[in-house]
$ cat data.cif   # mmCIF, N, CA and C atoms
data_coords
#
loop_
_atom_site.group_PDB
_atom_site.id
_atom_site.type_symbol
_atom_site.label_atom_id
_atom_site.label_comp_id
_atom_site.auth_asym_id
_atom_site.auth_seq_id
_atom_site.Cartn_x
_atom_site.Cartn_y
_atom_site.Cartn_z
ATOM 1 N N MET A 1 0.843 -1.170 0.000
ATOM 2 C CA MET A 1 0.000 0.000 0.000
ATOM 3 C C MET A 1 0.894 1.240 0.000
ATOM 4 N N ALA A 2 0.653 2.118 -0.926
ATOM 5 C CA ALA A 2 1.466 3.320 -1.067
ATOM 6 C C ALA A 2 1.169 4.309 0.055
ATOM 7 N N GLU A 3 2.200 5.045 0.424
ATOM 8 C CA GLU A 3 2.026 6.137 1.380
ATOM 9 C C GLU A 3 1.109 7.181 0.750
ATOM 10 N N THR A 4 0.379 7.911 1.563
ATOM 11 C CA THR A 4 -0.564 8.912 1.068
ATOM 12 C C THR A 4 0.124 9.923 0.152
ATOM 13 N N TRP A 5 1.344 10.354 0.514
ATOM 14 C CA TRP A 5 2.052 11.361 -0.276
ATOM 15 C C TRP A 5 2.481 10.817 -1.637
ATOM 16 N N ALA A 6 2.534 9.478 -1.798
ATOM 17 C CA ALA A 6 2.967 8.874 -3.063
ATOM 18 C C ALA A 6 1.801 8.485 -3.969
ATOM 19 N N GLU A 7 0.593 8.507 -3.446
ATOM 20 C CA GLU A 7 -0.562 8.063 -4.231
ATOM 21 C C GLU A 7 -0.733 8.808 -5.552
ATOM 22 N N PRO A 8 -0.596 10.156 -5.588
ATOM 23 C CA PRO A 8 -0.745 10.835 -6.888
ATOM 24 C C PRO A 8 0.245 10.315 -7.932
ATOM 25 N N PHE A 9 1.473 10.022 -7.513
ATOM 26 C CA PHE A 9 2.463 9.480 -8.444
ATOM 27 C C PHE A 9 2.018 8.121 -8.971
ATOM 28 N N TYR A 10 1.612 7.215 -8.071
ATOM 29 C CA TYR A 10 1.237 5.867 -8.480
ATOM 30 C C TYR A 10 -0.044 5.826 -9.311
ATOM 31 N N HIS A 11 -0.845 6.871 -9.243
ATOM 32 C CA HIS A 11 -2.057 6.943 -10.059
ATOM 33 C C HIS A 11 -1.834 7.692 -11.371
ATOM 34 N N SER A 12 -0.620 8.208 -11.582
ATOM 35 C CA SER A 12 -0.343 8.989 -12.792
ATOM 36 C C SER A 12 -0.210 8.093 -14.020
ATOM 37 N N SER A 13 -0.545 8.641 -15.167
ATOM 38 C CA SER A 13 -0.447 7.872 -16.408
ATOM 39 C C SER A 13 1.004 7.560 -16.750
ATOM 40 N N ILE A 14 1.928 8.458 -16.404
ATOM 41 C CA ILE A 14 3.340 8.203 -16.730
ATOM 42 C C ILE A 14 3.885 7.025 -15.924
ATOM 43 N N TRP A 15 3.468 6.901 -14.644
ATOM 44 C CA TRP A 15 3.899 5.743 -13.857
ATOM 45 C C TRP A 15 3.285 4.465 -14.418
ATOM 46 N N LYS A 16 2.014 4.487 -14.744
ATOM 47 C CA LYS A 16 1.350 3.298 -15.273
ATOM 48 C C LYS A 16 2.015 2.831 -16.567
ATOM 49 N N LYS A 17 2.424 3.785 -17.394
ATOM 50 C CA LYS A 17 3.099 3.442 -18.644
ATOM 51 C C LYS A 17 4.483 2.835 -18.362
ATOM 52 N N GLN A 18 5.228 3.442 -17.452
ATOM 53 C CA GLN A 18 6.572 2.934 -17.123
ATOM 54 C C GLN A 18 6.479 1.572 -16.435
ATOM 55 N N ARG A 19 5.507 1.406 -15.546
ATOM 56 C CA ARG A 19 5.303 0.136 -14.866
ATOM 57 C C ARG A 19 5.047 -0.983 -15.886
ATOM 58 N N LYS A 20 4.190 -0.708 -16.844
ATOM 59 C CA LYS A 20 3.888 -1.682 -17.893
ATOM 60 C C LYS A 20 5.147 -2.021 -18.699
ATOM 61 N N TYR A 21 5.930 -0.996 -19.029
ATOM 62 C CA TYR A 21 7.171 -1.203 -19.777
ATOM 63 C C TYR A 21 8.130 -2.106 -18.996
ATOM 64 N N ILE A 22 8.302 -1.850 -17.702
ATOM 65 C CA ILE A 22 9.241 -2.632 -16.885
ATOM 66 C C ILE A 22 8.787 -4.089 -16.800
ATOM 67 N N LEU A 23 7.505 -4.317 -16.582
ATOM 68 C CA LEU A 23 6.997 -5.692 -16.544
ATOM 69 C C LEU A 23 7.233 -6.398 -17.878
ATOM 70 N N GLN A 24 7.017 -5.692 -18.982
ATOM 71 C CA GLN A 24 7.267 -6.281 -20.306
ATOM 72 C C GLN A 24 8.759 -6.516 -20.522
ATOM 73 N N ARG A 25 9.587 -5.552 -20.106
ATOM 74 C CA ARG A 25 11.045 -5.695 -20.245
ATOM 75 C C ARG A 25 11.534 -6.966 -19.559
ATOM 76 N N ASP A 26 10.981 -7.239 -18.386
ATOM 77 C CA ASP A 26 11.389 -8.399 -17.596
ATOM 78 C C ASP A 26 10.544 -9.635 -17.902
ATOM 79 N N HIS A 27 9.769 -9.578 -18.984
ATOM 80 C CA HIS A 27 8.956 -10.708 -19.448
ATOM 81 C C HIS A 27 7.984 -11.225 -18.390
ATOM 82 N N PHE A 28 7.530 -10.307 -17.516
ATOM 83 C CA PHE A 28 6.571 -10.647 -16.464
ATOM 84 C C PHE A 28 7.072 -11.765 -15.560
ATOM 85 N N ILE A 29 8.411 -11.848 -15.388
ATOM 86 C CA ILE A 29 9.035 -12.849 -14.514
ATOM 87 C C ILE A 29 9.703 -12.118 -13.349
ATOM 88 N N CYS A 30 9.491 -12.604 -12.149
ATOM 89 C CA CYS A 30 10.116 -12.019 -10.960
ATOM 90 C C CYS A 30 11.634 -12.057 -11.120
ATOM 91 N N THR A 31 12.282 -10.934 -10.838
ATOM 92 C CA THR A 31 13.736 -10.832 -11.015
ATOM 93 C C THR A 31 14.525 -11.195 -9.760
ATOM 94 N N GLU A 32 13.843 -11.621 -8.712
ATOM 95 C CA GLU A 32 14.552 -12.042 -7.503
ATOM 96 C C GLU A 32 15.227 -13.384 -7.788
ATOM 97 N N PRO A 33 16.542 -13.489 -7.519
ATOM 98 C CA PRO A 33 17.242 -14.746 -7.797
ATOM 99 C C PRO A 33 16.540 -15.947 -7.168
ATOM 100 N N GLY A 34 16.364 -16.984 -7.963
ATOM 101 C CA GLY A 34 15.748 -18.219 -7.501
ATOM 102 C C GLY A 34 14.238 -18.244 -7.601
ATOM 103 N N CYS A 35 13.617 -17.107 -7.849
ATOM 104 C CA CYS A 35 12.158 -17.054 -7.975
ATOM 105 C C CYS A 35 11.813 -16.954 -9.453
ATOM 106 N N HIS A 36 10.877 -17.754 -9.868
ATOM 107 C CA HIS A 36 10.489 -17.742 -11.285
ATOM 108 C C HIS A 36 8.987 -17.520 -11.440
ATOM 109 N N ARG A 37 8.390 -16.938 -10.395
ATOM 110 C CA ARG A 37 6.946 -16.695 -10.449
ATOM 111 C C ARG A 37 6.640 -15.496 -11.345
ATOM 112 N N THR A 38 5.366 -15.342 -11.645
ATOM 113 C CA THR A 38 4.914 -14.228 -12.468
ATOM 114 C C THR A 38 5.066 -12.920 -11.698
ATOM 115 N N ALA A 39 5.707 -11.950 -12.341
ATOM 116 C CA ALA A 39 5.860 -10.623 -11.741
ATOM 117 C C ALA A 39 4.578 -9.833 -11.942
ATOM 118 N N THR A 40 4.102 -9.251 -10.862
ATOM 119 C CA THR A 40 2.892 -8.434 -10.908
ATOM 120 C C THR A 40 3.138 -7.034 -10.365
ATOM 121 N N GLU A 41 4.339 -6.809 -9.817
ATOM 122 C CA GLU A 41 4.639 -5.532 -9.176
ATOM 123 C C GLU A 41 5.992 -5.024 -9.651
ATOM 124 N N VAL A 42 6.153 -3.699 -9.612
ATOM 125 C CA VAL A 42 7.426 -3.074 -9.979
ATOM 126 C C VAL A 42 7.975 -2.375 -8.739
ATOM 127 N N HIS A 43 9.206 -2.711 -8.404
ATOM 128 C CA HIS A 43 9.864 -2.255 -7.180
ATOM 129 C C HIS A 43 10.890 -1.167 -7.487
ATOM 130 N N HIS A 44 10.895 -0.121 -6.672
ATOM 131 C CA HIS A 44 11.938 0.905 -6.746
ATOM 132 C C HIS A 44 13.131 0.423 -5.916
ATOM 133 N N ILE A 45 14.266 0.242 -6.548
ATOM 134 C CA ILE A 45 15.469 -0.218 -5.854
ATOM 135 C C ILE A 45 15.886 0.819 -4.821
ATOM 136 N N ILE A 46 15.997 2.082 -5.248
ATOM 137 C CA ILE A 46 16.169 3.179 -4.299
ATOM 138 C C ILE A 46 14.753 3.573 -3.891
ATOM 139 N N GLU A 47 14.435 3.372 -2.642
ATOM 140 C CA GLU A 47 13.079 3.572 -2.138
ATOM 141 C C GLU A 47 12.596 5.006 -2.347
ATOM 142 N N LEU A 48 11.327 5.132 -2.681
ATOM 143 C CA LEU A 48 10.728 6.457 -2.815
ATOM 144 C C LEU A 48 10.531 7.076 -1.434
ATOM 145 N N THR A 49 10.831 8.370 -1.359
ATOM 146 C CA THR A 49 10.624 9.122 -0.125
ATOM 147 C C THR A 49 9.949 10.440 -0.470
ATOM 148 N N LYS A 50 9.520 11.150 0.544
ATOM 149 C CA LYS A 50 8.940 12.479 0.321
ATOM 150 C C LYS A 50 9.961 13.389 -0.352
ATOM 151 N N ASP A 51 11.239 13.181 -0.065
ATOM 152 C CA ASP A 51 12.296 14.043 -0.610
ATOM 153 C C ASP A 51 12.629 13.746 -2.067
ATOM 154 N N ASN A 52 12.393 12.507 -2.539
ATOM 155 C CA ASN A 52 12.786 12.185 -3.917
ATOM 156 C C ASN A 52 11.617 11.850 -4.842
ATOM 157 N N ILE A 53 10.391 11.993 -4.363
ATOM 158 C CA ILE A 53 9.223 11.616 -5.155
ATOM 159 C C ILE A 53 9.125 12.399 -6.467
ATOM 160 N N ASN A 54 9.718 13.568 -6.537
ATOM 161 C CA ASN A 54 9.674 14.384 -7.757
ATOM 162 C C ASN A 54 10.937 14.264 -8.605
ATOM 163 N N ASP A 55 11.813 13.346 -8.238
ATOM 164 C CA ASP A 55 13.061 13.139 -8.974
ATOM 165 C C ASP A 55 12.868 11.976 -9.963
ATOM 166 N N VAL A 56 12.756 12.309 -11.249
ATOM 167 C CA VAL A 56 12.507 11.263 -12.252
ATOM 168 C C VAL A 56 13.652 10.266 -12.351
ATOM 169 N N ASN A 57 14.852 10.646 -11.896
ATOM 170 C CA ASN A 57 15.963 9.692 -11.892
ATOM 171 C C ASN A 57 15.750 8.593 -10.859
ATOM 172 N N ILE A 58 14.872 8.825 -9.922
ATOM 173 C CA ILE A 58 14.509 7.807 -8.929
ATOM 174 C C ILE A 58 13.179 7.159 -9.302
ATOM 175 N N THR A 59 12.177 7.975 -9.588
ATOM 176 C CA THR A 59 10.816 7.464 -9.765
ATOM 177 C C THR A 59 10.597 6.691 -11.059
ATOM 178 N N LEU A 60 11.227 7.122 -12.146
ATOM 179 C CA LEU A 60 10.939 6.533 -13.454
ATOM 180 C C LEU A 60 12.142 5.906 -14.153
ATOM 181 N N ASN A 61 13.315 6.033 -13.593
ATOM 182 C CA ASN A 61 14.532 5.508 -14.210
ATOM 183 C C ASN A 61 14.475 3.978 -14.263
ATOM 184 N N GLU A 62 14.535 3.432 -15.466
ATOM 185 C CA GLU A 62 14.412 1.979 -15.597
ATOM 186 C C GLU A 62 15.516 1.220 -14.871
ATOM 187 N N ASN A 63 16.664 1.869 -14.614
ATOM 188 C CA ASN A 63 17.737 1.215 -13.867
ATOM 189 C C ASN A 63 17.441 1.156 -12.370
ATOM 190 N N ASN A 64 16.401 1.862 -11.931
ATOM 191 C CA ASN A 64 15.993 1.831 -10.532
ATOM 192 C C ASN A 64 14.712 1.009 -10.338
ATOM 193 N N LEU A 65 14.297 0.306 -11.371
ATOM 194 C CA LEU A 65 13.037 -0.434 -11.315
ATOM 195 C C LEU A 65 13.253 -1.895 -11.682
ATOM 196 N N ARG A 66 12.600 -2.774 -10.945
ATOM 197 C CA ARG A 66 12.659 -4.195 -11.254
ATOM 198 C C ARG A 66 11.311 -4.840 -11.004
ATOM 199 N N SER A 67 11.027 -5.868 -11.768
ATOM 200 C CA SER A 67 9.771 -6.602 -11.648
ATOM 201 C C SER A 67 9.900 -7.666 -10.567
ATOM 202 N N LEU A 68 8.865 -7.750 -9.731
ATOM 203 C CA LEU A 68 8.835 -8.750 -8.663
ATOM 204 C C LEU A 68 7.452 -9.371 -8.558
ATOM 205 N N CYS A 69 7.402 -10.592 -8.056
ATOM 206 C CA CYS A 69 6.113 -11.174 -7.705
ATOM 207 C C CYS A 69 5.660 -10.520 -6.397
ATOM 208 N N HIS A 70 4.410 -10.706 -6.055
ATOM 209 C CA HIS A 70 3.877 -10.072 -4.848
ATOM 210 C C HIS A 70 4.635 -10.526 -3.601
ATOM 211 N N ASP A 71 4.903 -11.834 -3.484
ATOM 212 C CA ASP A 71 5.556 -12.352 -2.279
ATOM 213 C C ASP A 71 6.966 -11.784 -2.102
ATOM 214 N N CYS A 72 7.752 -11.743 -3.180
ATOM 215 C CA CYS A 72 9.113 -11.203 -3.083
ATOM 216 C C CYS A 72 9.078 -9.713 -2.778
ATOM 217 N N HIS A 73 8.150 -8.984 -3.399
ATOM 218 C CA HIS A 73 8.049 -7.545 -3.148
ATOM 219 C C HIS A 73 7.691 -7.285 -1.683
ATOM 220 N N THR A 74 6.764 -8.054 -1.149
ATOM 221 C CA THR A 74 6.374 -7.904 0.253
ATOM 222 C C THR A 74 7.551 -8.203 1.167
ATOM 223 N N ARG A 75 8.279 -9.295 0.892
ATOM 224 C CA ARG A 75 9.426 -9.677 1.729
ATOM 225 C C ARG A 75 10.521 -8.628 1.682
ATOM 226 N N ILE A 76 10.890 -8.182 0.472
ATOM 227 C CA ILE A 76 11.969 -7.203 0.323
ATOM 228 C C ILE A 76 11.599 -5.888 0.997
ATOM 229 N N THR A 77 10.366 -5.433 0.802
ATOM 230 C CA THR A 77 9.925 -4.187 1.428
ATOM 231 C C THR A 77 9.979 -4.304 2.947
ATOM 232 N N SER A 78 9.555 -5.440 3.477
ATOM 233 C CA SER A 78 9.601 -5.672 4.918
ATOM 234 C C SER A 78 11.038 -5.680 5.430
ATOM 235 N N GLU A 79 11.939 -6.330 4.688
ATOM 236 C CA GLU A 79 13.345 -6.382 5.089
ATOM 237 C C GLU A 79 13.985 -4.997 5.052
ATOM 238 N N ILE A 80 13.634 -4.188 4.058
ATOM 239 C CA ILE A 80 14.171 -2.824 3.977
ATOM 240 C C ILE A 80 13.718 -2.023 5.186
ATOM 241 N N LYS A 81 12.436 -2.096 5.506
ATOM 242 C CA LYS A 81 11.892 -1.332 6.628
ATOM 243 C C LYS A 81 12.477 -1.793 7.968
ATOM 244 N N SER A 82 12.815 -3.075 8.086
ATOM 245 C CA SER A 82 13.375 -3.583 9.334
ATOM 246 C C SER A 82 14.893 -3.440 9.399
ATOM 247 N N GLY A 83 15.518 -3.068 8.283
ATOM 248 C CA GLY A 83 16.958 -2.849 8.271
ATOM 249 C C GLY A 83 17.804 -4.080 8.031
ATOM 250 N N VAL A 84 17.210 -5.201 7.639
ATOM 251 C CA VAL A 84 18.000 -6.414 7.426
ATOM 252 C C VAL A 84 18.270 -6.699 5.948
ATOM 253 N N PHE A 85 17.646 -5.946 5.038
ATOM 254 C CA PHE A 85 17.853 -6.204 3.612
ATOM 255 C C PHE A 85 19.301 -5.915 3.236
ATOM 256 N N GLY A 86 19.919 -6.844 2.528
ATOM 257 C CA GLY A 86 21.283 -6.645 2.065
ATOM 258 C C GLY A 86 22.347 -6.981 3.092
ATOM 259 N N VAL A 87 21.930 -7.443 4.280
ATOM 260 C CA VAL A 87 22.897 -7.827 5.299
ATOM 261 C C VAL A 87 23.429 -9.205 4.928
ATOM 262 N N LEU A 88 24.718 -9.273 4.714
ATOM 263 C CA LEU A 88 25.327 -10.535 4.311
ATOM 264 C C LEU A 88 25.672 -11.374 5.530
ATOM 265 N N PRO A 89 25.606 -12.687 5.372
ATOM 266 C CA PRO A 89 25.999 -13.556 6.482
ATOM 267 C C PRO A 89 27.511 -13.466 6.693
ATOM 268 N N ARG A 90 27.953 -13.913 7.856
ATOM 269 C CA ARG A 90 29.399 -14.003 8.101
ATOM 270 C C ARG A 90 29.952 -15.101 7.210
ATOM 271 N N VAL A 91 31.029 -14.797 6.512
ATOM 272 C CA VAL A 91 31.583 -15.727 5.540
ATOM 273 C C VAL A 91 33.016 -16.076 5.914
ATOM 274 N N GLY A 92 33.345 -17.363 5.763
ATOM 275 C CA GLY A 92 34.702 -17.857 5.928
ATOM 276 C C GLY A 92 35.026 -18.743 4.743
ATOM 277 N N PHE A 93 36.087 -19.506 4.855
ATOM 278 C CA PHE A 93 36.508 -20.366 3.755
ATOM 279 C C PHE A 93 36.794 -21.763 4.272
ATOM 280 N N ASP A 94 36.391 -22.757 3.473
ATOM 281 C CA ASP A 94 36.664 -24.133 3.862
ATOM 282 C C ASP A 94 38.108 -24.490 3.500
ATOM 283 N N ASP A 95 38.493 -25.750 3.727
ATOM 284 C CA ASP A 95 39.868 -26.193 3.489
ATOM 285 C C ASP A 95 40.279 -26.091 2.024
ATOM 286 N N ASN A 96 39.300 -26.059 1.114
ATOM 287 C CA ASN A 96 39.599 -25.953 -0.312
ATOM 288 C C ASN A 96 39.542 -24.515 -0.819
ATOM 289 N N GLY A 97 39.288 -23.579 0.094
ATOM 290 C CA GLY A 97 39.241 -22.169 -0.300
ATOM 291 C C GLY A 97 37.882 -21.692 -0.782
ATOM 292 N N TYR A 98 36.851 -22.538 -0.651
ATOM 293 C CA TYR A 98 35.512 -22.143 -1.062
ATOM 294 C C TYR A 98 34.828 -21.363 0.058
ATOM 295 N N PRO A 99 34.058 -20.329 -0.302
ATOM 296 C CA PRO A 99 33.368 -19.560 0.738
ATOM 297 C C PRO A 99 32.261 -20.393 1.387
ATOM 298 N N ILE A 100 32.144 -20.252 2.699
ATOM 299 C CA ILE A 100 31.085 -20.910 3.460
ATOM 300 C C ILE A 100 30.525 -19.913 4.464
ATOM 301 N N GLU A 101 29.254 -20.111 4.817
ATOM 302 C CA GLU A 101 28.635 -19.252 5.831
ATOM 303 C C GLU A 101 29.058 -19.737 7.195
ATOM 304 N N LEU A 102 29.544 -18.818 8.023
ATOM 305 C CA LEU A 102 29.947 -19.157 9.375
ATOM 306 C C LEU A 102 28.738 -19.067 10.300
ATOM 307 N N LYS A 103 28.572 -20.050 11.139
ATOM 308 C CA LYS A 103 27.467 -20.044 12.098
ATOM 309 C C LYS A 103 27.846 -19.161 13.274
ATOM 310 N N ALA A 104 26.843 -18.506 13.842
ATOM 311 C CA ALA A 104 27.084 -17.595 14.972
ATOM 312 C C ALA A 104 27.502 -18.329 16.198
#
$ encode --input "data.cif" --output "structure tokens"
Amino acid sequence: MAETWAEPFYHSSIWKKQRKYILQRDHFICTEPGCHRTATEVHHIIELTKDNINDVNITLNENNLRSLCHDCHTRITSEIKSGVFGVLPRVGFDDNGYPIELKA
């Protein structure tokens, strides 16, 4: 659900056109690694804020947009809001030099 301040943007014809383009560009397939479900949503990689909602380099730039299924979009948005998105596990190396996740 969009924030109240973002609703005019999400209801604009230019957003609807760009959203359709991004879904078509990504062949309506979720771009989250390992997920191959149908993409129904377009995600802003750099999150929209009150400060950048009028910056077309954020709002409409195709390099800042990716297609996601509903479940992945919900998970990623939740992780961003909680501060855990992009946090990498502790990594070490096994005896052969391959990276492995270290347990806490």
$ select_by_dssp --input "data.cif" --residues "chain A" --states "helix (DSSP H, G or I)" --output "JSON, numbers by chain"
{"A": [4, 5, 6, 7, 8, 9, 10, 13, 14, 15, 16, 17, 18, 19, 20, 21, 22, 23, 24, 25, 56, 57, 58, 59, 62, 63, 64, 70, 71, 72, 73, 74, 75, 76, 77, 78, 79, 80, 81, 82]}
$ atom_distance --input "data.cif" --atom1 "CA of Leu23 (chain A)" --atom2 "CA of Cys72 (chain A)"
14.7 Å
$ atom_distance --input "data.cif" --atom1 "CA of Leu102 (chain A)" --atom2 "CA of Arg90 (chain A)"
5.3 Å
$ closest_atom_pairs --input "data.cif" --of "region 12-34 of chain A" --to "region 52-60 of chain A" --cutoff "12 Å" --atoms "only C-alpha atoms" --output "CSV"
residue,atom,partner,partner_atom,distance
A:Ser12,CA,A:Leu60,CA,11.6
A:Ser13,CA,A:Leu60,CA,11.8
A:Ile14,CA,A:Leu60,CA,8.4
A:Trp15,CA,A:Leu60,CA,7.1
A:Lys16,CA,A:Leu60,CA,10.3
A:Lys17,CA,A:Leu60,CA,9.9
A:Gln18,CA,A:Leu60,CA,6.7
A:Arg19,CA,A:Leu60,CA,8.6
A:Lys20,CA,A:Leu60,CA,11.7
A:Tyr21,CA,A:Leu60,CA,10.7
A:Ile22,CA,A:Leu60,CA,9.9
$ closest_residue --input "data.cif" --among "A:Gly92, A:Leu65, A:Pro8, A:Ile80" --to "His43 (chain A)" --atoms "all atoms listed in the file"
A:Leu65
$ closest_residue --input "data.cif" --among "A:Asp95, A:Leu68, A:Val42, A:Ser82" --to "Ile29 (chain A)" --atoms "all atoms listed in the file"
A:Leu68
$ atom_distance --input "data.cif" --atom1 "atom C of Ala39 (chain A)" --atom2 "atom N of His27 (chain A)"
8.8 Å
$ closest_residue --input "data.cif" --among "A:Asn96, A:Thr77, A:Ser67, A:Thr49" --to "Phe28 (chain A)" --atoms "all atoms listed in the file"
A:Ser67
$ closest_residue --input "data.cif" --among "A:His70, A:Lys103, A:Lys81, A:Arg75" --to "Arg37 (chain A)" --atoms "only C-alpha atoms"
A:His70
$ select_by_dssp --input "data.cif" --residues "chain A" --states "strand (DSSP E or B)" --output "list in words"
Ile29, Thr38, Glu41, Val42, His43, His44, Leu65, Arg66, Ser67, Leu68, Val91, Gly92, Phe93, Pro99, Ile100 and Glu101 of chain A
$ closest_residue --input "data.cif" --among "A:Asp26, A:Glu3, A:Asp94, A:Glu32" --to "Glu62 (chain A)" --atoms "only C-alpha atoms"
A:Asp26
$ closest_residue --input "data.cif" --among "A:Tyr10, A:Asn61, A:Glu101, A:Glu41" --to "His73 (chain A)" --atoms "all atoms listed in the file"
A:Glu41
$ build_atoms --input "data.cif" --residues "region 36-48 of chain A" --atoms "N, CA, C and O atoms" --output "mmCIF file, keeping the file's coordinate frame"
data_model
loop_
_atom_site.group_PDB
_atom_site.id
_atom_site.type_symbol
_atom_site.label_atom_id
_atom_site.label_comp_id
_atom_site.auth_asym_id
_atom_site.auth_seq_id
_atom_site.Cartn_x
_atom_site.Cartn_y
_atom_site.Cartn_z
ATOM 1 N N HIS A 36 10.877 -17.754 -9.868
ATOM 2 C CA HIS A 36 10.489 -17.742 -11.285
ATOM 3 C C HIS A 36 8.987 -17.520 -11.440
ATOM 4 O O HIS A 36 8.420 -17.854 -12.470
ATOM 5 N N ARG A 37 8.390 -16.938 -10.395
ATOM 6 C CA ARG A 37 6.946 -16.695 -10.449
ATOM 7 C C ARG A 37 6.640 -15.496 -11.345
ATOM 8 O O ARG A 37 7.525 -14.722 -11.718
ATOM 9 N N THR A 38 5.366 -15.342 -11.645
ATOM 10 C CA THR A 38 4.914 -14.228 -12.468
ATOM 11 C C THR A 38 5.066 -12.920 -11.698
ATOM 12 O O THR A 38 4.628 -12.813 -10.554
ATOM 13 N N ALA A 39 5.707 -11.950 -12.341
ATOM 14 C CA ALA A 39 5.860 -10.623 -11.741
ATOM 15 C C ALA A 39 4.578 -9.833 -11.942
ATOM 16 O O ALA A 39 4.051 -9.759 -13.052
ATOM 17 N N THR A 40 4.102 -9.251 -10.862
ATOM 18 C CA THR A 40 2.892 -8.434 -10.908
ATOM 19 C C THR A 40 3.138 -7.034 -10.365
ATOM 20 O O THR A 40 2.259 -6.185 -10.434
ATOM 21 N N GLU A 41 4.339 -6.809 -9.817
ATOM 22 C CA GLU A 41 4.639 -5.532 -9.176
ATOM 23 C C GLU A 41 5.992 -5.024 -9.651
ATOM 24 O O GLU A 41 6.852 -5.802 -10.047
ATOM 25 N N VAL A 42 6.153 -3.699 -9.612
ATOM 26 C CA VAL A 42 7.426 -3.074 -9.979
ATOM 27 C C VAL A 42 7.975 -2.375 -8.739
ATOM 28 O O VAL A 42 7.288 -1.580 -8.098
ATOM 29 N N HIS A 43 9.206 -2.711 -8.404
ATOM 30 C CA HIS A 43 9.864 -2.255 -7.180
ATOM 31 C C HIS A 43 10.890 -1.167 -7.487
ATOM 32 O O HIS A 43 11.655 -1.279 -8.448
ATOM 33 N N HIS A 44 10.895 -0.121 -6.672
ATOM 34 C CA HIS A 44 11.938 0.905 -6.746
ATOM 35 C C HIS A 44 13.131 0.423 -5.916
ATOM 36 O O HIS A 44 12.995 0.206 -4.705
ATOM 37 N N ILE A 45 14.266 0.242 -6.548
ATOM 38 C CA ILE A 45 15.469 -0.218 -5.854
ATOM 39 C C ILE A 45 15.886 0.819 -4.821
ATOM 40 O O ILE A 45 16.124 0.502 -3.662
ATOM 41 N N ILE A 46 15.997 2.082 -5.248
ATOM 42 C CA ILE A 46 16.169 3.179 -4.299
ATOM 43 C C ILE A 46 14.753 3.573 -3.891
ATOM 44 O O ILE A 46 13.959 4.016 -4.717
ATOM 45 N N GLU A 47 14.435 3.372 -2.642
ATOM 46 C CA GLU A 47 13.079 3.572 -2.138
ATOM 47 C C GLU A 47 12.596 5.006 -2.347
ATOM 48 O O GLU A 47 13.353 5.963 -2.195
ATOM 49 N N LEU A 48 11.327 5.132 -2.681
ATOM 50 C CA LEU A 48 10.728 6.457 -2.815
ATOM 51 C C LEU A 48 10.531 7.076 -1.434
ATOM 52 O O LEU A 48 10.119 6.399 -0.500
#
